[in-house]
Amino acid sequence: ARWSRPSARFLTATPIALDKNPGNLRSNTDSTAKRATLAAQQSISDACQHVVGVRPISVEVSQAPLLAGAQHVRDFLPWPGRPGRTARVRIHADIQFAEPVTGPLLLGAGRYFGLGLCLPVEE
């Protein structure tokens, strides 16, 4: 029941492996980092549309966990972990919808492998 209850807000318990590379999120150049952040937010919004059928009204991204007890992005092995494959960018997110969405919410390229698990949170 904890993972499947309806909520308008979800926080990642495990980072989302983005479907598209957003660019350098850690760039020292503000414009590059901002473009990459916007691309990451759009990728997560697209994933929500694909999985849930609804776009969120807000997506905030972070390398650090946003949920107490969750692990940092760097603590997860690159995915996919196969030689010759480009690793997906992994990121934590705070996702807000206009109306409650029923969980469980699993997003991104690694959603069938334990990544992109989102916990519904109460306001």
# chains A, B, ... in the order shown; residues from 1 in each chain; ligands from 1
>>> residues_around(residues="Asn21 (chain A)", least_positions_apart="4", cutoff="9 Å", atoms="only C-alpha atoms", output="ChimeraX atom specification")
/A:36,39-40,43,88-89
>>> residues_around(residues="region 69-82 of chain A", least_positions_apart="2", cutoff="12 Å", atoms="only C-alpha atoms", output="short mmCIF file (atom, residue, chain, number, x, y, z; two decimals) with N, CA, C and O atoms, in the first residue's frame")
data_model
loop_
_atom_site.label_atom_id
_atom_site.label_comp_id
_atom_site.auth_asym_id
_atom_site.auth_seq_id
_atom_site.Cartn_x
_atom_site.Cartn_y
_atom_site.Cartn_z
N LEU A 11 8.67 11.27 -4.84
CA LEU A 11 10.12 11.44 -4.74
C LEU A 11 10.79 10.13 -5.11
O LEU A 11 10.30 9.06 -4.75
N THR A 12 11.92 10.21 -5.80
CA THR A 12 12.61 8.99 -6.20
C THR A 12 13.27 8.32 -5.00
O THR A 12 13.96 8.96 -4.23
N ALA A 13 13.03 7.02 -4.89
CA ALA A 13 13.72 6.20 -3.90
C ALA A 13 15.01 5.67 -4.52
O ALA A 13 16.02 5.54 -3.84
N THR A 14 14.96 5.36 -5.80
CA THR A 14 16.15 5.01 -6.58
C THR A 14 16.20 5.97 -7.77
O THR A 14 15.15 6.40 -8.27
N PRO A 15 17.39 6.34 -8.23
CA PRO A 15 17.47 7.33 -9.31
C PRO A 15 16.86 6.83 -10.61
O PRO A 15 16.82 5.62 -10.86
N ILE A 16 16.41 7.77 -11.41
CA ILE A 16 15.85 7.48 -12.73
C ILE A 16 17.00 7.42 -13.73
O ILE A 16 17.84 8.32 -13.77
N ALA A 17 17.05 6.35 -14.54
CA ALA A 17 17.99 6.27 -15.66
C ALA A 17 17.29 6.93 -16.84
O ALA A 17 16.32 6.40 -17.38
N LEU A 18 17.75 8.11 -17.21
CA LEU A 18 17.07 8.90 -18.24
C LEU A 18 17.10 8.20 -19.59
O LEU A 18 18.09 7.56 -19.96
N ASP A 19 16.01 8.35 -20.35
CA ASP A 19 15.91 7.76 -21.67
C ASP A 19 16.83 8.44 -22.68
O ASP A 19 17.27 7.82 -23.63
N VAL A 61 15.16 18.20 -10.30
CA VAL A 61 16.13 17.11 -10.35
C VAL A 61 17.32 17.40 -9.44
O VAL A 61 17.62 18.56 -9.13
N SER A 62 17.99 16.31 -9.02
CA SER A 62 19.11 16.44 -8.11
C SER A 62 20.01 15.21 -8.21
O SER A 62 19.52 14.10 -8.39
N GLN A 63 21.31 15.43 -8.07
CA GLN A 63 22.25 14.31 -7.99
C GLN A 63 22.15 13.64 -6.61
O GLN A 63 22.35 12.45 -6.48
N ALA A 64 21.86 14.45 -5.61
CA ALA A 64 21.74 13.95 -4.24
C ALA A 64 20.31 13.45 -4.01
O ALA A 64 19.37 13.93 -4.63
N PRO A 65 20.14 12.49 -3.10
CA PRO A 65 18.78 11.99 -2.82
C PRO A 65 17.90 13.07 -2.20
O PRO A 65 18.37 13.90 -1.44
N LEU A 66 16.64 13.04 -2.55
CA LEU A 66 15.66 13.98 -2.01
C LEU A 66 14.79 13.32 -0.94
O LEU A 66 14.06 13.99 -0.23
N LEU A 67 14.90 12.02 -0.84
CA LEU A 67 14.13 11.23 0.10
C LEU A 67 15.06 10.73 1.20
O LEU A 67 16.13 10.20 0.90
N GLY A 84 30.59 -1.75 -24.04
CA GLY A 84 30.20 -1.22 -25.34
C GLY A 84 28.90 -0.44 -25.34
O GLY A 84 28.52 0.13 -26.35
N ARG A 85 28.20 -0.42 -24.24
CA ARG A 85 26.95 0.34 -24.14
C ARG A 85 27.19 1.61 -23.35
O ARG A 85 27.88 1.59 -22.33
N THR A 86 26.66 2.71 -23.80
CA THR A 86 26.79 3.97 -23.10
C THR A 86 25.90 3.95 -21.86
O THR A 86 24.71 3.63 -21.95
N ALA A 87 26.47 4.28 -20.73
CA ALA A 87 25.70 4.30 -19.48
C ALA A 87 24.71 5.46 -19.51
O ALA A 87 25.01 6.54 -19.99
N ARG A 88 23.53 5.22 -18.98
CA ARG A 88 22.49 6.25 -18.90
C ARG A 88 22.78 7.19 -17.74
O ARG A 88 23.31 6.78 -16.71
N VAL A 89 22.41 8.45 -17.93
CA VAL A 89 22.50 9.42 -16.85
C VAL A 89 21.45 9.05 -15.81
O VAL A 89 20.30 8.78 -16.16
N ARG A 90 21.85 9.01 -14.56
CA ARG A 90 20.93 8.68 -13.47
C ARG A 90 20.75 9.91 -12.58
O ARG A 90 21.72 10.61 -12.28
N ILE A 91 19.50 10.16 -12.17
CA ILE A 91 19.21 11.38 -11.41
C ILE A 91 18.00 11.17 -10.51
O ILE A 91 17.10 10.40 -10.83
N HIS A 92 18.01 11.83 -9.37
CA HIS A 92 16.85 11.83 -8.46
C HIS A 92 15.90 12.95 -8.88
O HIS A 92 16.32 13.94 -9.50
N ALA A 93 14.62 12.80 -8.50
CA ALA A 93 13.63 13.80 -8.89
C ALA A 93 12.52 13.94 -7.87
O ALA A 93 12.19 13.00 -7.14
N GLY A 108 11.73 5.69 -16.40
CA GLY A 108 13.05 5.68 -17.02
C GLY A 108 13.44 4.34 -17.61
O GLY A 108 12.72 3.35 -17.56
N ALA A 109 14.65 4.36 -18.18
CA ALA A 109 15.15 3.20 -18.91
C ALA A 109 15.41 2.00 -18.02
O ALA A 109 15.37 0.87 -18.49
N GLY A 110 15.67 2.19 -16.75
CA GLY A 110 15.97 1.08 -15.85
C GLY A 110 14.81 0.67 -14.97
O GLY A 110 14.99 0.01 -13.96
N ARG A 111 13.58 1.05 -15.35
CA ARG A 111 12.43 0.81 -14.47
C ARG A 111 12.12 -0.67 -14.25
O ARG A 111 11.49 -1.01 -13.27
N TYR A 112 12.58 -1.55 -15.12
CA TYR A 112 12.36 -2.97 -14.91
C TYR A 112 13.53 -3.62 -14.18
O TYR A 112 13.55 -4.83 -13.98
N PHE A 113 14.51 -2.81 -13.78
CA PHE A 113 15.71 -3.32 -13.14
C PHE A 113 16.00 -2.64 -11.81
O PHE A 113 17.13 -2.63 -11.34
N GLY A 114 14.99 -2.02 -11.20
CA GLY A 114 15.13 -1.43 -9.86
C GLY A 114 15.44 0.05 -9.83
O GLY A 114 15.52 0.63 -8.76
N LEU A 115 15.58 0.68 -10.98
CA LEU A 115 15.81 2.12 -11.01
C LEU A 115 14.50 2.84 -11.27
O LEU A 115 13.55 2.28 -11.80
N GLY A 116 14.44 4.11 -10.88
CA GLY A 116 13.27 4.94 -11.14
C GLY A 116 12.07 4.65 -10.28
O GLY A 116 10.94 5.01 -10.63
N LEU A 117 12.29 4.04 -9.12
CA LEU A 117 11.18 3.76 -8.19
C LEU A 117 10.86 5.03 -7.42
O LEU A 117 11.73 5.62 -6.78
N CYS A 118 9.60 5.45 -7.49
CA CYS A 118 9.18 6.71 -6.87
C CYS A 118 8.19 6.44 -5.74
O CYS A 118 7.26 5.66 -5.89
N LEU A 119 8.40 7.11 -4.63
CA LEU A 119 7.54 6.97 -3.46
C LEU A 119 6.51 8.09 -3.44
O LEU A 119 6.86 9.27 -3.53
#
>>> select_by_dssp(residues="chain A", states="strand (DSSP E)", output="VMD selection string")
chain A and resid 6 to 12 16 to 17 58 to 62 90 to 102 105 to 106 117 to 121
>>> write_last_selection(atoms="N, CA and C atoms", output="tab-separated table (two decimals), in the first residue's frame")
chain	number	residue	atom	x	y	z
A	6	PRO	N	-2.44	6.71	-4.13
A	6	PRO	CA	-2.49	7.90	-4.98
A	6	PRO	C	-1.80	9.09	-4.31
A	7	SER	N	-1.13	9.89	-5.11
A	7	SER	CA	-0.48	11.09	-4.61
A	7	SER	C	-0.26	12.05	-5.76
A	8	ALA	N	-0.21	13.32	-5.45
A	8	ALA	CA	0.13	14.34	-6.45
A	8	ALA	C	1.63	14.61	-6.47
A	9	ARG	N	2.36	14.03	-5.49
A	9	ARG	CA	3.81	14.27	-5.41
A	9	ARG	C	4.55	12.96	-5.18
A	10	PHE	N	5.62	12.76	-5.92
A	10	PHE	CA	6.45	11.56	-5.80
A	10	PHE	C	7.91	11.97	-5.70
A	11	LEU	N	8.67	11.27	-4.84
A	11	LEU	CA	10.12	11.44	-4.74
A	11	LEU	C	10.79	10.13	-5.11
A	12	THR	N	11.92	10.21	-5.80
A	12	THR	CA	12.61	8.99	-6.20
A	12	THR	C	13.27	8.32	-5.00
A	16	ILE	N	16.41	7.77	-11.41
A	16	ILE	CA	15.85	7.48	-12.73
A	16	ILE	C	17.00	7.42	-13.73
A	17	ALA	N	17.05	6.35	-14.54
A	17	ALA	CA	17.99	6.27	-15.66
A	17	ALA	C	17.29	6.93	-16.84
A	58	SER	N	5.39	19.89	-12.40
A	58	SER	CA	6.70	20.32	-11.91
A	58	SER	C	7.61	19.12	-11.77
A	59	VAL	N	8.88	19.29	-12.20
A	59	VAL	CA	9.91	18.27	-12.01
A	59	VAL	C	11.17	18.99	-11.55
A	60	GLU	N	11.67	18.63	-10.39
A	60	GLU	CA	12.94	19.15	-9.89
A	60	GLU	C	13.91	17.98	-9.86
A	61	VAL	N	15.16	18.20	-10.30
A	61	VAL	CA	16.13	17.11	-10.35
A	61	VAL	C	17.32	17.40	-9.44
A	62	SER	N	17.99	16.31	-9.02
A	62	SER	CA	19.11	16.44	-8.11
A	62	SER	C	20.01	15.21	-8.21
A	90	ARG	N	21.85	9.01	-14.56
A	90	ARG	CA	20.93	8.68	-13.47
A	90	ARG	C	20.75	9.91	-12.58
A	91	ILE	N	19.50	10.16	-12.17
A	91	ILE	CA	19.21	11.38	-11.41
A	91	ILE	C	18.00	11.17	-10.51
A	92	HIS	N	18.01	11.83	-9.37
A	92	HIS	CA	16.85	11.83	-8.46
A	92	HIS	C	15.90	12.95	-8.88
A	93	ALA	N	14.62	12.80	-8.50
A	93	ALA	CA	13.63	13.80	-8.89
A	93	ALA	C	12.52	13.94	-7.87
A	94	ASP	N	11.97	15.15	-7.85
A	94	ASP	CA	10.75	15.49	-7.10
A	94	ASP	C	9.73	15.82	-8.18
A	95	ILE	N	8.69	14.99	-8.29
A	95	ILE	CA	7.71	15.09	-9.38
A	95	ILE	C	6.36	15.45	-8.79
A	96	GLN	N	5.74	16.50	-9.34
A	96	GLN	CA	4.42	16.92	-8.85
A	96	GLN	C	3.43	16.96	-10.00
A	97	PHE	N	2.26	16.38	-9.74
A	97	PHE	CA	1.17	16.35	-10.70
A	97	PHE	C	0.06	17.28	-10.24
A	98	ALA	N	-0.79	17.71	-11.18
A	98	ALA	CA	-1.92	18.58	-10.83
A	98	ALA	C	-2.96	17.81	-10.02
A	99	GLU	N	-3.15	16.54	-10.33
A	99	GLU	CA	-4.11	15.68	-9.64
A	99	GLU	C	-3.38	14.43	-9.15
A	100	PRO	N	-3.88	13.79	-8.11
A	100	PRO	CA	-3.23	12.56	-7.63
A	100	PRO	C	-3.15	11.48	-8.71
A	101	VAL	N	-2.02	10.79	-8.73
A	101	VAL	CA	-1.75	9.68	-9.64
A	101	VAL	C	-1.58	8.45	-8.76
A	102	THR	N	-2.13	7.33	-9.18
A	102	THR	CA	-2.00	6.10	-8.41
A	102	THR	C	-0.69	5.41	-8.75
A	105	LEU	N	4.86	4.12	-9.16
A	105	LEU	CA	5.40	4.91	-10.26
A	105	LEU	C	6.85	4.48	-10.47
A	106	LEU	N	7.11	3.89	-11.64
A	106	LEU	CA	8.44	3.45	-12.04
A	106	LEU	C	8.77	4.13	-13.36
A	117	LEU	N	12.29	4.04	-9.12
A	117	LEU	CA	11.18	3.76	-8.19
A	117	LEU	C	10.86	5.03	-7.42
A	118	CYS	N	9.60	5.45	-7.49
A	118	CYS	CA	9.18	6.71	-6.87
A	118	CYS	C	8.19	6.44	-5.74
A	119	LEU	N	8.40	7.11	-4.63
A	119	LEU	CA	7.54	6.97	-3.46
A	119	LEU	C	6.51	8.09	-3.44
A	120	PRO	N	5.22	7.75	-3.33
A	120	PRO	CA	4.21	8.80	-3.16
A	120	PRO	C	4.37	9.43	-1.79
A	121	VAL	N	4.35	10.76	-1.75
A	121	VAL	CA	4.50	11.47	-0.48
A	121	VAL	C	3.29	12.37	-0.25
>>> select_by_dssp(residues="region 7-113 of chain A", states="helix (DSSP H, G or I)", output="PyMOL selection string")
chain A and resi 30-52+73-75
>>> write_last_selection(atoms="C-alpha atoms", output="PDB file, in the first residue's frame")
ATOM      1  CA  ASP A  30      25.847  27.894 -15.939  1.00  0.00           C
ATOM      2  CA  SER A  31      24.177  27.911 -19.367  1.00  0.00           C
ATOM      3  CA  THR A  32      25.357  24.362 -20.120  1.00  0.00           C
ATOM      4  CA  ALA A  33      24.211  23.046 -16.737  1.00  0.00           C
ATOM      5  CA  LYS A  34      20.861  24.856 -17.073  1.00  0.00           C
ATOM      6  CA  ARG A  35      20.240  23.398 -20.559  1.00  0.00           C
ATOM      7  CA  ALA A  36      21.101  19.925 -19.251  1.00  0.00           C
ATOM      8  CA  THR A  37      18.794  20.359 -16.249  1.00  0.00           C
ATOM      9  CA  LEU A  38      15.913  21.453 -18.503  1.00  0.00           C
ATOM     10  CA  ALA A  39      16.550  18.468 -20.790  1.00  0.00           C
ATOM     11  CA  ALA A  40      16.562  16.100 -17.777  1.00  0.00           C
ATOM     12  CA  GLN A  41      13.285  17.598 -16.528  1.00  0.00           C
ATOM     13  CA  GLN A  42      11.755  17.192 -20.002  1.00  0.00           C
ATOM     14  CA  SER A  43      12.940  13.562 -20.189  1.00  0.00           C
ATOM     15  CA  ILE A  44      11.248  12.799 -16.864  1.00  0.00           C
ATOM     16  CA  SER A  45       8.084  14.609 -17.956  1.00  0.00           C
ATOM     17  CA  ASP A  46       8.075  12.530 -21.169  1.00  0.00           C
ATOM     18  CA  ALA A  47       8.553   9.338 -19.109  1.00  0.00           C
ATOM     19  CA  CYS A  48       5.550  10.268 -16.939  1.00  0.00           C
ATOM     20  CA  GLN A  49       3.442  10.854 -20.052  1.00  0.00           C
ATOM     21  CA  HIS A  50       4.531   7.469 -21.419  1.00  0.00           C
ATOM     22  CA  VAL A  51       4.033   5.453 -18.216  1.00  0.00           C
ATOM     23  CA  VAL A  52       1.113   7.219 -16.497  1.00  0.00           C
ATOM     24  CA  VAL A  73      23.274   8.638  -7.554  1.00  0.00           C
ATOM     25  CA  ARG A  74      26.973   7.716  -7.473  1.00  0.00           C
ATOM     26  CA  ASP A  75      26.190   4.761  -5.181  1.00  0.00           C
TER      27      ASP A  75
END
>>> atom_distance(atom1="CA of Arg2 (chain A)", atom2="CA of Pro104 (chain A)")
8.8 Å
